[in-house]
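Shown here: coords21.cif, mmCIF, C-alpha atoms.
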```cif
data_query
loop_
_atom_site.label_atom_id
_atom_site.label_comp_id
_atom_site.auth_asym_id
_atom_site.auth_seq_id
_atom_site.Cartn_x
_atom_site.Cartn_y
_atom_site.Cartn_z
CA MET A 1 26.90 77.13 -96.73
CA THR A 2 24.79 74.23 -97.89
CA GLU A 3 21.95 74.73 -100.24
CA LEU A 4 18.78 72.80 -99.61
CA LEU A 5 16.09 72.59 -102.26
CA CYS A 6 12.48 72.49 -101.17
CA PRO A 7 9.18 73.52 -102.68
CA VAL A 8 7.88 76.90 -101.50
CA THR A 9 4.26 77.88 -101.37
CA ARG A 10 3.42 81.49 -101.58
CA MET A 11 0.82 83.07 -99.35
CA THR A 12 -0.87 84.82 -102.23
CA GLY A 13 -3.33 82.00 -102.74
CA MET A 14 -1.54 80.90 -105.89
CA THR A 15 0.39 77.66 -105.96
CA GLU A 16 3.50 77.46 -108.02
CA PRO A 17 4.09 74.45 -110.18
CA THR A 18 5.57 71.48 -108.30
CA ASN A 19 8.47 71.19 -110.70
CA GLN A 20 9.78 74.56 -109.63
CA LYS A 21 12.11 74.61 -106.67
CA LYS A 22 13.57 77.42 -104.66
CA THR A 23 16.97 77.50 -103.05
CA VAL A 24 17.05 78.01 -99.25
CA ASN A 25 20.29 78.68 -97.39
CA VAL A 26 20.68 76.69 -94.06
CA PRO A 27 23.69 77.16 -91.79
CA ARG A 28 26.04 74.12 -91.59
CA SER A 29 26.20 74.36 -87.82
CA ALA A 30 22.51 73.51 -87.61
CA LEU A 31 23.19 70.06 -89.10
CA ARG A 32 25.95 69.05 -86.67
CA LEU A 33 25.12 66.66 -83.73
CA PRO A 34 26.13 67.77 -80.27
CA ARG A 35 29.48 66.36 -79.29
CA LEU A 36 29.90 64.58 -75.92
CA SER A 37 32.89 65.09 -73.77
CA GLY A 38 35.16 62.09 -73.14
CA GLY A 39 34.19 61.68 -69.48
CA ARG A 40 30.50 61.70 -70.23
CA ALA A 41 30.85 59.02 -72.89
CA VAL A 42 32.80 56.77 -70.56
CA LEU A 43 30.18 57.24 -67.88
CA LEU A 44 27.34 56.32 -70.22
CA GLY A 45 29.26 53.28 -71.43
CA ALA A 46 29.91 52.15 -67.89
CA LEU A 47 26.25 52.56 -67.02
CA ALA A 48 25.22 50.51 -70.04
CA ILE A 49 27.67 47.75 -69.15
CA ALA A 50 26.50 47.78 -65.52
CA ALA A 51 22.89 47.53 -66.59
CA LEU A 52 23.74 44.61 -68.86
CA LEU A 53 25.67 42.85 -66.11
CA LEU A 54 22.86 43.46 -63.65
CA PHE A 55 20.37 42.02 -66.09
CA GLU A 56 22.54 38.95 -66.66
CA SER A 57 23.27 38.44 -62.96
CA VAL A 58 19.67 38.38 -61.76
CA ARG A 59 18.30 34.89 -62.36
CA SER A 60 15.03 33.31 -61.26
CA VAL A 61 14.36 29.70 -60.18
CA PRO A 62 10.72 28.85 -61.01
CA ALA A 63 8.37 27.14 -58.57
CA GLY A 64 8.70 23.37 -58.67
CA PHE A 65 12.33 23.55 -59.76
CA VAL A 66 15.64 23.60 -57.93
CA GLY A 67 18.71 25.45 -59.10
CA VAL A 68 22.32 24.34 -58.97
CA SER A 69 24.93 27.10 -59.17
CA PHE A 70 28.38 26.09 -60.47
CA ASN A 71 31.34 28.37 -59.80
CA LYS A 72 33.80 28.03 -62.70
CA LEU A 73 36.69 29.45 -60.73
CA SER A 74 36.40 27.39 -57.56
CA GLY A 75 34.46 24.43 -58.98
CA SER A 76 32.02 24.56 -56.07
CA LEU A 77 28.31 23.80 -56.32
CA ALA A 78 25.39 25.33 -54.43
CA THR A 79 21.69 24.45 -54.35
CA LEU A 80 19.24 27.31 -54.94
CA ASP A 81 15.59 27.23 -53.90
CA PRO A 82 12.79 28.75 -56.04
CA GLY A 83 12.98 32.55 -56.20
CA VAL A 84 15.28 35.32 -57.45
CA HIS A 85 19.04 34.89 -57.09
CA VAL A 86 22.13 36.84 -58.10
CA VAL A 87 24.87 35.03 -60.00
CA VAL A 88 28.10 36.40 -61.37
CA PRO A 89 27.94 36.37 -65.17
CA GLY A 90 30.75 34.42 -66.77
CA ILE A 91 31.82 32.95 -63.44
CA GLN A 92 28.73 31.27 -62.01
CA GLN A 93 26.53 29.01 -64.11
CA LEU A 94 22.92 28.27 -63.12
CA ASN A 95 21.42 24.84 -63.92
CA LEU A 96 17.71 24.15 -63.38
CA TYR A 97 16.30 20.75 -62.41
CA ASP A 98 12.63 19.79 -62.33
CA ALA A 99 11.86 18.77 -58.73
CA ARG A 100 8.21 17.89 -59.37
CA LEU A 101 6.77 14.38 -59.60
CA GLN A 102 7.96 12.68 -62.76
CA GLU A 103 7.19 9.33 -64.31
CA VAL A 104 8.66 6.98 -66.86
CA THR A 105 6.64 4.26 -68.59
CA LEU A 106 8.10 1.13 -70.11
CA ALA A 107 5.39 -0.51 -72.20
CA HIS A 108 4.82 -2.17 -75.56
CA THR A 109 3.04 0.99 -76.74
CA VAL A 110 5.93 3.28 -75.78
CA GLN A 111 9.26 2.81 -77.49
CA ASP A 112 11.93 3.86 -74.99
CA ASP A 113 15.58 3.30 -75.98
CA ALA A 114 14.50 1.05 -78.87
CA GLU A 115 12.82 -1.24 -76.34
CA GLY A 116 9.33 -0.83 -74.97
CA ALA A 117 7.90 -3.35 -72.53
CA ILE A 118 10.18 -5.26 -70.19
CA ARG A 119 10.82 -8.84 -71.26
CA ALA A 120 11.61 -11.31 -68.52
CA ARG A 121 11.36 -15.01 -67.68
CA SER A 122 9.30 -16.63 -64.99
CA LYS A 123 10.60 -19.16 -62.49
CA GLU A 124 9.89 -22.05 -64.88
CA GLY A 125 11.48 -20.21 -67.83
CA LEU A 126 8.39 -18.85 -69.61
CA ASP A 127 8.51 -15.54 -71.45
CA ILE A 128 6.77 -12.74 -69.54
CA THR A 129 6.16 -9.22 -70.86
CA ALA A 130 5.65 -6.47 -68.28
CA ASP A 131 4.36 -2.92 -68.69
CA VAL A 132 5.56 -0.74 -65.83
CA THR A 133 5.19 2.92 -64.82
CA VAL A 134 7.56 4.36 -62.21
CA GLN A 135 6.89 7.68 -60.47
CA PHE A 136 9.81 9.50 -58.84
CA ARG A 137 11.32 12.86 -57.85
CA ILE A 138 14.82 14.17 -57.50
CA ASP A 139 16.11 14.76 -53.97
CA ARG A 140 15.98 18.56 -53.67
CA ALA A 141 18.47 18.65 -50.83
CA LYS A 142 21.01 16.72 -52.92
CA ALA A 143 20.45 18.35 -56.30
CA ASP A 144 24.07 19.57 -56.37
CA VAL A 145 25.36 16.03 -55.87
CA LEU A 146 22.98 14.77 -58.55
CA HIS A 147 24.29 17.41 -60.93
CA LYS A 148 27.87 16.44 -60.17
CA GLU A 149 27.48 12.65 -60.41
CA LEU A 150 24.69 12.13 -62.96
CA GLY A 151 23.80 15.39 -64.63
CA ARG A 152 20.61 15.75 -66.66
CA ASN A 153 20.80 12.26 -68.15
CA TYR A 154 19.77 10.42 -64.99
CA LEU A 155 16.70 9.09 -66.79
CA GLN A 156 18.84 7.16 -69.29
CA THR A 157 21.72 6.32 -66.97
CA VAL A 158 19.81 5.24 -63.84
CA ILE A 159 16.02 5.17 -64.05
CA ARG A 160 15.34 2.96 -67.04
CA PRO A 161 18.20 0.47 -66.58
CA GLN A 162 17.41 -0.04 -62.90
CA VAL A 163 13.67 -0.44 -63.51
CA ARG A 164 14.27 -3.11 -66.15
CA SER A 165 16.77 -4.95 -63.98
CA LYS A 166 14.65 -5.00 -60.82
CA VAL A 167 11.47 -6.00 -62.65
CA ARG A 168 13.26 -8.92 -64.30
CA ASP A 169 14.68 -10.04 -60.96
CA ALA A 170 11.26 -9.92 -59.28
CA ILE A 171 9.45 -11.79 -62.07
CA GLY A 172 12.07 -14.54 -62.03
CA GLN A 173 11.06 -15.47 -58.47
CA PHE A 174 7.48 -16.52 -59.37
CA ASN A 175 5.72 -19.01 -61.61
CA ALA A 176 3.64 -17.76 -64.52
CA ALA A 177 0.39 -18.85 -62.88
CA GLU A 178 1.28 -16.90 -59.74
CA LEU A 179 2.18 -13.79 -61.71
CA ILE A 180 -1.21 -13.51 -63.40
CA SER A 181 -3.30 -14.56 -60.43
CA THR A 182 -2.19 -14.19 -56.81
CA GLN A 183 1.33 -12.71 -56.67
CA ARG A 184 0.94 -9.51 -58.70
CA GLN A 185 1.10 -7.26 -55.64
CA GLU A 186 4.04 -9.22 -54.29
CA VAL A 187 5.96 -8.49 -57.51
CA GLU A 188 5.20 -4.77 -57.13
CA ALA A 189 6.38 -4.84 -53.53
CA LYS A 190 9.68 -6.54 -54.43
CA VAL A 191 10.35 -4.11 -57.29
CA THR A 192 9.51 -1.14 -55.04
CA ASP A 193 11.87 -2.25 -52.27
CA ALA A 194 14.74 -2.87 -54.70
CA LEU A 195 14.30 0.43 -56.56
CA LYS A 196 14.07 2.49 -53.38
CA THR A 197 17.57 1.43 -52.45
CA GLU A 198 19.02 2.18 -55.89
CA PHE A 199 17.22 5.50 -56.25
CA SER A 200 18.31 6.68 -52.80
CA ARG A 201 21.90 5.82 -53.64
CA ASN A 202 21.62 8.04 -56.74
CA ASN A 203 19.91 10.99 -54.97
CA LEU A 204 16.45 10.16 -56.31
CA VAL A 205 13.23 9.54 -54.40
CA LEU A 206 10.93 6.72 -55.55
CA ASP A 207 7.24 7.51 -55.21
CA SER A 208 5.50 4.39 -56.56
CA VAL A 209 5.79 1.44 -58.93
CA LEU A 210 2.71 0.64 -61.01
CA LEU A 211 2.69 -2.79 -62.59
CA ARG A 212 0.28 -2.09 -65.43
CA GLU A 213 0.20 -5.41 -67.25
CA LEU A 214 1.79 -8.86 -67.21
CA LYS A 215 1.45 -10.89 -70.38
CA ILE A 216 2.31 -14.55 -70.91
CA PRO A 217 2.06 -16.67 -74.09
CA ASP A 218 -1.53 -17.42 -75.12
CA SER A 219 -1.02 -21.19 -75.04
CA VAL A 220 0.33 -21.02 -71.51
CA ALA A 221 -2.48 -18.71 -70.43
CA LYS A 222 -5.06 -21.14 -71.84
CA ALA A 223 -3.47 -24.11 -70.06
CA ILE A 224 -3.35 -22.18 -66.79
CA GLU A 225 -6.98 -21.17 -67.19
CA GLU A 226 -8.07 -24.77 -67.82
CA LYS A 227 -6.08 -25.94 -64.81
CA GLN A 228 -7.62 -23.27 -62.60
CA THR A 229 -11.11 -24.21 -63.86
CA ALA A 230 -10.50 -27.87 -63.02
CA GLU A 231 -9.18 -26.94 -59.59
CA GLN A 232 -12.25 -24.84 -58.96
CA GLN A 233 -14.53 -27.74 -59.94
CA VAL A 234 -12.61 -30.05 -57.61
CA ALA A 235 -12.95 -27.50 -54.88
CA VAL A 236 -16.71 -27.30 -55.48
CA GLU A 237 -17.05 -31.11 -55.29
CA GLN A 238 -14.94 -31.23 -52.16
CA ASN A 239 -17.15 -28.58 -50.66
CA ARG A 240 -20.24 -30.62 -51.49
CA LEU A 241 -18.74 -33.76 -49.99
CA GLN A 242 -17.76 -31.83 -46.92
CA GLN A 243 -21.28 -30.49 -46.59
CA ALA A 244 -22.71 -34.01 -47.00
CA LYS A 245 -20.29 -35.33 -44.42
CA ILE A 246 -21.27 -32.57 -42.06
CA ALA A 247 -24.95 -33.32 -42.65
CA ALA A 248 -24.38 -37.06 -41.97
CA GLN A 249 -22.44 -36.28 -38.84
CA GLY A 250 -25.32 -34.07 -37.78
CA ALA A 251 -27.83 -36.87 -38.35
CA VAL A 252 -25.68 -39.34 -36.41
CA ALA A 253 -25.29 -36.86 -33.62
CA LYS A 254 -29.02 -36.29 -33.59
CA ALA A 255 -29.74 -40.03 -33.49
CA GLU A 256 -27.21 -40.54 -30.74
CA GLY A 257 -28.77 -37.70 -28.85
CA GLU A 258 -32.24 -39.18 -29.20
CA SER A 259 -30.95 -42.63 -28.16
CA GLN A 260 -29.24 -41.16 -25.16
CA ALA A 261 -32.43 -39.31 -24.34
CA VAL A 262 -34.47 -42.55 -24.46
CA VAL A 263 -31.94 -44.32 -22.29
CA ALA A 264 -31.96 -41.43 -19.90
CA ARG A 265 -35.77 -41.47 -19.75
CA ALA A 266 -35.82 -45.24 -19.21
CA ARG A 267 -33.19 -44.95 -16.55
CA GLY A 268 -35.19 -42.23 -14.91
CA GLU A 269 -38.39 -44.24 -15.05
CA ALA A 270 -36.60 -47.30 -13.64
CA GLN A 271 -35.17 -45.25 -10.85
CA ALA A 272 -38.60 -43.78 -10.19
CA LEU A 273 -40.19 -47.27 -10.05
CA SER A 274 -37.42 -48.48 -7.81
CA LEU A 275 -37.92 -45.61 -5.44
CA ARG A 276 -41.68 -46.08 -5.51
CA GLY A 277 -41.41 -49.80 -4.82
CA LYS A 278 -39.11 -49.10 -1.96
CA ALA A 279 -41.56 -46.56 -0.59
CA LEU A 280 -44.45 -49.05 -0.89
CA ARG A 281 -42.48 -51.70 0.88
CA GLU A 282 -41.69 -49.39 3.70
CA ASN A 283 -45.26 -47.96 3.85
CA PRO A 284 -47.93 -50.63 3.04
CA GLN A 285 -50.70 -48.09 3.61
CA LEU A 286 -49.66 -46.39 0.39
CA ILE A 287 -50.93 -49.43 -1.51
CA GLN A 288 -54.37 -49.08 0.03
CA LEU A 289 -54.31 -45.34 -0.61
CA THR A 290 -53.39 -45.92 -4.22
CA VAL A 291 -56.15 -48.50 -4.61
CA ALA A 292 -58.63 -46.12 -3.04
CA GLU A 293 -57.56 -43.31 -5.36
CA LYS A 294 -57.95 -45.52 -8.41
CA LEU A 295 -61.52 -46.63 -7.42
CA SER A 296 -64.49 -44.88 -8.88
CA PRO A 297 -65.46 -41.69 -7.03
CA ASN A 298 -68.98 -43.17 -6.63
CA ILE A 299 -67.57 -45.81 -4.32
CA GLN A 300 -67.04 -44.59 -0.80
CA THR A 301 -64.38 -46.47 1.04
CA VAL A 302 -62.58 -46.19 4.33
CA MET A 303 -59.54 -47.94 5.72
CA VAL A 304 -59.81 -49.33 9.23
CA PRO A 305 -57.96 -49.81 11.42
CA SER A 306 -54.78 -47.83 10.91
CA ASP A 307 -52.71 -51.01 11.03
CA GLY A 308 -55.19 -53.11 9.02
CA ASN A 309 -54.89 -54.39 5.56
CA PHE A 310 -58.48 -54.44 4.30
CA LEU A 311 -61.00 -52.00 2.89
CA LEU A 312 -64.63 -51.36 3.89
CA ASN A 313 -67.27 -50.36 1.41
CA LEU A 314 -69.16 -47.54 3.08
CA GLN A 315 -71.98 -47.75 0.56
CA THR A 316 -72.51 -51.46 1.29
CA LEU A 317 -72.42 -50.77 4.99
CA GLY A 318 -74.91 -47.98 4.57
CA GLN A 319 -77.32 -50.17 2.68
CA ALA A 320 -76.99 -52.89 5.31
CA ALA A 321 -77.71 -50.42 8.09
CA ALA A 322 -80.77 -49.13 6.29
CA SER A 323 -82.18 -52.59 5.74
CA THR A 324 -81.80 -53.61 9.40
CA PRO A 325 -84.52 -51.26 10.85
CA GLN A 326 -86.90 -52.31 8.13
CA LYS A 327 -86.53 -55.93 9.05
CA LYS A 328 -87.15 -55.01 12.69
CA ASN A 329 -90.38 -53.22 11.83
CA GLU A 330 -91.59 -56.12 9.80
CA SER A 331 -90.94 -58.53 12.65
CA GLY A 332 -92.74 -56.29 15.18
CA SER A 333 -95.82 -55.93 13.08
CA SER A 334 -96.07 -59.62 12.66
CA ASN A 335 -96.15 -60.07 16.33
#
```

What is this structure when it is put down as structure tokens?
Amino acid sequence: MTELLCPVTRMTGMTEPTNQKKTVNVPRSALRLPRLSGGRAVLLGALAIAALLLFESVRSVPAGFVGVSFNKLSGSLATLDPGVHVVVPGIQQLNLYDARLQEVTLAHTVQDDAEGAIRARSKEGLDITADVTVQFRIDRAKADVLHKELGRNYLQTVIRPQVRSKVRDAIGQFNAAELISTQRQEVEAKVTDALKTEFSRNNLVLDSVLLRELKIPDSVAKAIEEKQTAEQQVAVEQNRLQQAKIAAQGAVAKAEGESQAVVARARGEAQALSLRGKALRENPQLIQLTVAEKLSPNIQTVMVPSDGNFLLNLQTLGQAAASTPQKKNESGSSN
């Protein structure tokens, strides 16, 4: 028997002093834990191990990622899409890769691999500094091959070295003046084409190449700017001369047109006179008709005969006819 000491409070309404204790006898069997049989313990242990294995075997691939399962026994690889998958703990290893759009920036404000912006040389050997951003994804369908050949360090082993190399190659094909003025997009296109091939070979997908900035030495930039300004002034003067030349050619053309018009009018008038003269020669009566038309309307004329060539003044004839009876009357009265 085990004695347990505990304070006891009487029900008489009186409380005994706290320093007084009373001995209570408790059976030893009441303190013993229930013993499990051997089979039940094994069963509970097996259930616990199974629950742990089940917990470890259920793995999830988040959205936007791709999983690569590696079997340690067979050495095989398998690509897993987003969702819940079952892997064998201790035998299969799950590796997650980000399949979303990623980007890497090489610029003078970002120190990547102890080197920021890309330094290159132009076609004439001038120093060019380029800031570039490359956007890419991993090829989801070939994530297992990527894991096998490159692993997680593809950014350091492929992306950055290839971007630097292809940008330097593209810049070396152009002059400095072309790089900062007219051929910027051509440089981007060349870099894009070259990187697409390299990325595809390494199970990566290139999305875009953004050529953020191209910098050349200040002295060279100033000389190029002055040259471009002079060329623009020459172009303006050439444009003015061309406009003046066009205006002069227009004036000459106008004068020639007017001269040709005068000649044409004179030729027309000459032809008209020639035709009229010919008509008068063939029809002499037209002369008399013309003369009659030109006379004053107060003068009355008539042409007789039809084959004659003289004119009669009807007014004169009328006056003569009127004076003849008067003379007759005067002669009769005198008689």

*Pick from A:Ser181, A:Thr109, A:Asn202, A:Gln162, whichever lies nearest to Leu214 in chain A using only C-alpha atoms*: A:Ser181

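Using all atoms listed in the file for every distance, the candidate list A:Glu186, A:Glu213, A:Asp218, A:Asp98 yields A:Glu213 as the residue closest to Ala117 in chain A.
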
Could you work out an axis-aligned box for range 98-102 of chain A, taking every atom the file lists and adding 3 Å on each side, and report centre and edge lengths in Å to one decimal, as AutoDock Vina command-line options?
```
--center_x 9.7 --center_y 16.2 --center_z -60.7 --size_x 11.9 --size_y 13.1 --size_z 10.0
```

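Taking all atoms listed in the file into account, the protein, DNA and RNA residues within 7 Å of (15.4, 2.7, -59.7) read Val158, Ile159, Gln162, Val163, Leu195, Lys196, Glu198 and Phe199 of chain A.
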
*Quick one: distance from CA of Thr133 in chain A to CA of Val205 in chain A in Å, one decimal?*
14.7 Å
